[in-house]
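Below is one structure; the comments refer to it alone.
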2 protein chains.
Amino acid sequence: METAEVTKRLREQGITPTNQRIRIAAVILEKTWHFSAEQLLEETNREGKVASKATIYNTLDLFARRGLVKQLVVDPDRVYYDSSTHHHHHFFDPDTQQLFDIQPDQIDIKLPAALPAGKEIADVSVVIQLRSAQQTVKAA
Amino acid sequence: METAEVTKRLREQGITPTNQRIRIAAVILEKTWHFSAEQLLEETNREGKVASKATIYNTLDLFARRGLVKQLVVDPDRVYYDSSTHHHHHFFDPDTQQLFDIQPDQIDIKLPAALPAGKEIADVSVVIQLRSAQQTVKAA
DNA sequence: CTGCTTGCAAAGGCTTTGCAGAACA
DNA sequence: TGTTCTGCAAAGCCTTTGCAAGCAG
């Protein structure tokens, strides 16, 4: 994605476009992918240092609040982000720490009618943990 | 739950029953609840010190591997555990960091037919994030 | 100019680990 | 007795923060 378009996207979300944010957003929006803060940092600075670790964390937080990326809680060890904010679900492979999208037509949920009092649904997340098919689980 | 029964449960799961493990398991199995390592530590030592933080973490890891408790990944800040290993899903309220069970008959999922090659499903987790009902979400 | 943004390094919170002493079988 | 378990403190890892310098408008 070219700088001009990224800048436009940022302004549309009410985000002041700085050099770092433009570069970071360009890296994120370049493709559909799942990434950790660490991975984003590395990718952002691949061709010369653009942003620090602190800026990556601050920017991810900002982007998530503005709906540019979606935070995923699937790995107990770190937070992942999704460059796609469309509502979809995930496979998670703990062996490789990889996330795969589940296409919306592949899954279907009937949500509960009753919610705790005074609450409404903010988000629904379905995570299917994978394991190698030949692996047998020892009986408990 | 009395000591004798807890001890029996531990042996059934192939866990050597030590003083600490018996007390920890008794606290966990006393009721149906969701807890963090910190909460379990506090509850375990409520009436006199029984176990250290290291032992709590080691024991939780062991219990989870043996299927006595279930690890929940719902909060980016810490891992929660569930004293019930029956398959069910959760509401999570980020404001209070509280988890509520969703009764199995309240939710219904049609799982994907296609899985990544060589993989099978290890676990399915549905987490419904809540927010206060009157709260309006600012348009992005 | 004036306020927001960035970066460094240090701090913070949760979790794991090394190692010596204690408990289990 | 030999192995496993426990506890303390220190270390580790991911993430946040304080503060001074830099950039956007």
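Labels for the structure tokens follow display order: chains A, B, ..., residues from 1 in each chain, ligands from 1.
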
Give me the chain C side of the contact with chain B, cut-off 9 Å, one line per residue showing its nearest atom pair and distance in Å at one decimal, counting only C-alpha atoms (C1' of nucleotides), sorted by chain and residue number, as CSV.
```
residue,atom,partner,partner_atom,distance
C:DG13,C1',B:Asp77,CA,8.7
C:DC14,C1',B:Arg78,CA,6.7
C:DT15,C1',B:Tyr57,CA,7.7
C:DT16,C1',B:Ala54,CA,8.4
C:DA23,C1',B:Thr18,CA,8.0
C:DC24,C1',B:Thr18,CA,7.8
```

Next, dump the selected residues to file, keeping only N, CA and C atoms (P, O5', C5', C4', C3', O3' and C1' of nucleotides), as a PDB file, in the first residue's frame.
```pdb
ATOM      1  P    DG C  13       3.593  -3.819  39.454  1.00  0.00           P
ATOM      2  O5'  DG C  13       3.250  -5.078  38.549  1.00  0.00           O
ATOM      3  C5'  DG C  13       2.476  -4.913  37.364  1.00  0.00           C
ATOM      4  C4'  DG C  13       2.199  -6.274  36.770  1.00  0.00           C
ATOM      5  C3'  DG C  13       1.919  -7.359  37.802  1.00  0.00           C
ATOM      6  O3'  DG C  13       0.908  -8.211  37.290  1.00  0.00           O
ATOM      7  C1'  DG C  13       3.830  -7.943  36.558  1.00  0.00           C
ATOM      8  P    DC C  14       0.408  -9.435  38.152  1.00  0.00           P
ATOM      9  O5'  DC C  14       0.920 -10.659  37.261  1.00  0.00           O
ATOM     10  C5'  DC C  14       0.459 -10.781  35.924  1.00  0.00           C
ATOM     11  C4'  DC C  14       1.245 -11.865  35.219  1.00  0.00           C
ATOM     12  C3'  DC C  14       1.111 -13.261  35.840  1.00  0.00           C
ATOM     13  O3'  DC C  14       0.858 -14.182  34.784  1.00  0.00           O
ATOM     14  C1'  DC C  14       3.383 -12.681  35.604  1.00  0.00           C
ATOM     15  P    DT C  15       0.524 -15.702  35.101  1.00  0.00           P
ATOM     16  O5'  DT C  15       1.982 -16.365  34.969  1.00  0.00           O
ATOM     17  C5'  DT C  15       2.622 -16.327  33.702  1.00  0.00           C
ATOM     18  C4'  DT C  15       4.007 -16.930  33.783  1.00  0.00           C
ATOM     19  C3'  DT C  15       4.074 -18.333  34.391  1.00  0.00           C
ATOM     20  O3'  DT C  15       4.574 -19.200  33.369  1.00  0.00           O
ATOM     21  C1'  DT C  15       5.795 -16.933  35.230  1.00  0.00           C
ATOM     22  P    DT C  16       4.959 -20.699  33.671  1.00  0.00           P
ATOM     23  O5'  DT C  16       6.546 -20.577  33.845  1.00  0.00           O
ATOM     24  C5'  DT C  16       7.305 -19.955  32.834  1.00  0.00           C
ATOM     25  C4'  DT C  16       8.790 -20.072  33.148  1.00  0.00           C
ATOM     26  C3'  DT C  16       9.275 -21.486  33.491  1.00  0.00           C
ATOM     27  O3'  DT C  16      10.475 -21.681  32.769  1.00  0.00           O
ATOM     28  C1'  DT C  16       9.883 -19.993  35.202  1.00  0.00           C
ATOM     29  P    DA C  23       9.966 -32.490  55.857  1.00  0.00           P
ATOM     30  O5'  DA C  23       9.282 -33.327  54.685  1.00  0.00           O
ATOM     31  C5'  DA C  23       8.509 -32.641  53.701  1.00  0.00           C
ATOM     32  C4'  DA C  23       8.040 -33.638  52.650  1.00  0.00           C
ATOM     33  C3'  DA C  23       7.435 -34.916  53.227  1.00  0.00           C
ATOM     34  O3'  DA C  23       6.313 -35.264  52.426  1.00  0.00           O
ATOM     35  C1'  DA C  23       9.236 -35.466  51.808  1.00  0.00           C
ATOM     36  P    DC C  24       5.357 -36.422  52.842  1.00  0.00           P
ATOM     37  O5'  DC C  24       5.617 -37.497  51.693  1.00  0.00           O
ATOM     38  C5'  DC C  24       5.293 -37.153  50.355  1.00  0.00           C
ATOM     39  C4'  DC C  24       5.836 -38.206  49.418  1.00  0.00           C
ATOM     40  C3'  DC C  24       5.328 -39.620  49.696  1.00  0.00           C
ATOM     41  O3'  DC C  24       4.762 -40.141  48.511  1.00  0.00           O
ATOM     42  C1'  DC C  24       7.699 -39.595  49.480  1.00  0.00           C
TER      43       DC C  24
END
```

Practice item. Give me, as a ChimeraX atom specification, the contact residues of chain D against chain A at a cut-off of 12 Å, counting only C-alpha atoms (C1' of nucleotides). Key: /D:13-17,22-25

* With a cut-off of 10 Å and counting only C-alpha atoms, select all residues of chain A in contact with chain B and give the selection as a PyMOL selection string. => chain A and resi 12-14+65-68+71-80+89+91-93+100+102-135+137-140

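Atom pair atom C1' of C:DG21 / atom CA of B:Val50: separated by 16.6 Å.
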
Residues near stretch 39-42 of chain A, anyone? I mean within 7 Å using only C-alpha atoms (C1' of nucleotides), not counting same-chain ones fewer than 4 positions away, as an MDAnalysis selection string. chainID A and resid 35 46 53 56

Just write the chosen residues, N, CA and C atoms, as a PDB file, in the first residue's frame.
```pdb
ATOM      1  N   PHE A  35       0.189 -11.385  13.759  1.00  0.00           N
ATOM      2  CA  PHE A  35       1.540 -11.046  14.210  1.00  0.00           C
ATOM      3  C   PHE A  35       1.566 -10.646  15.680  1.00  0.00           C
ATOM      4  N   ARG A  46      12.832  -3.751   9.025  1.00  0.00           N
ATOM      5  CA  ARG A  46      13.588  -4.648   8.145  1.00  0.00           C
ATOM      6  C   ARG A  46      14.559  -3.882   7.237  1.00  0.00           C
ATOM      7  N   LYS A  53      10.707  -0.193  20.062  1.00  0.00           N
ATOM      8  CA  LYS A  53       9.787  -1.139  20.667  1.00  0.00           C
ATOM      9  C   LYS A  53       8.627  -0.419  21.363  1.00  0.00           C
ATOM     10  N   ILE A  56       6.125   0.710  18.869  1.00  0.00           N
ATOM     11  CA  ILE A  56       5.339  -0.415  18.360  1.00  0.00           C
ATOM     12  C   ILE A  56       4.198  -0.751  19.321  1.00  0.00           C
TER      13      ILE A  56
END
```

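Put simply, atom CA of A:Leu99 is 10.2 Å away from atom CA of A:Tyr81.
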
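Note that the spacing between atom CA of A:Ile24 and atom CA of A:His86 amounts to 19.7 Å.
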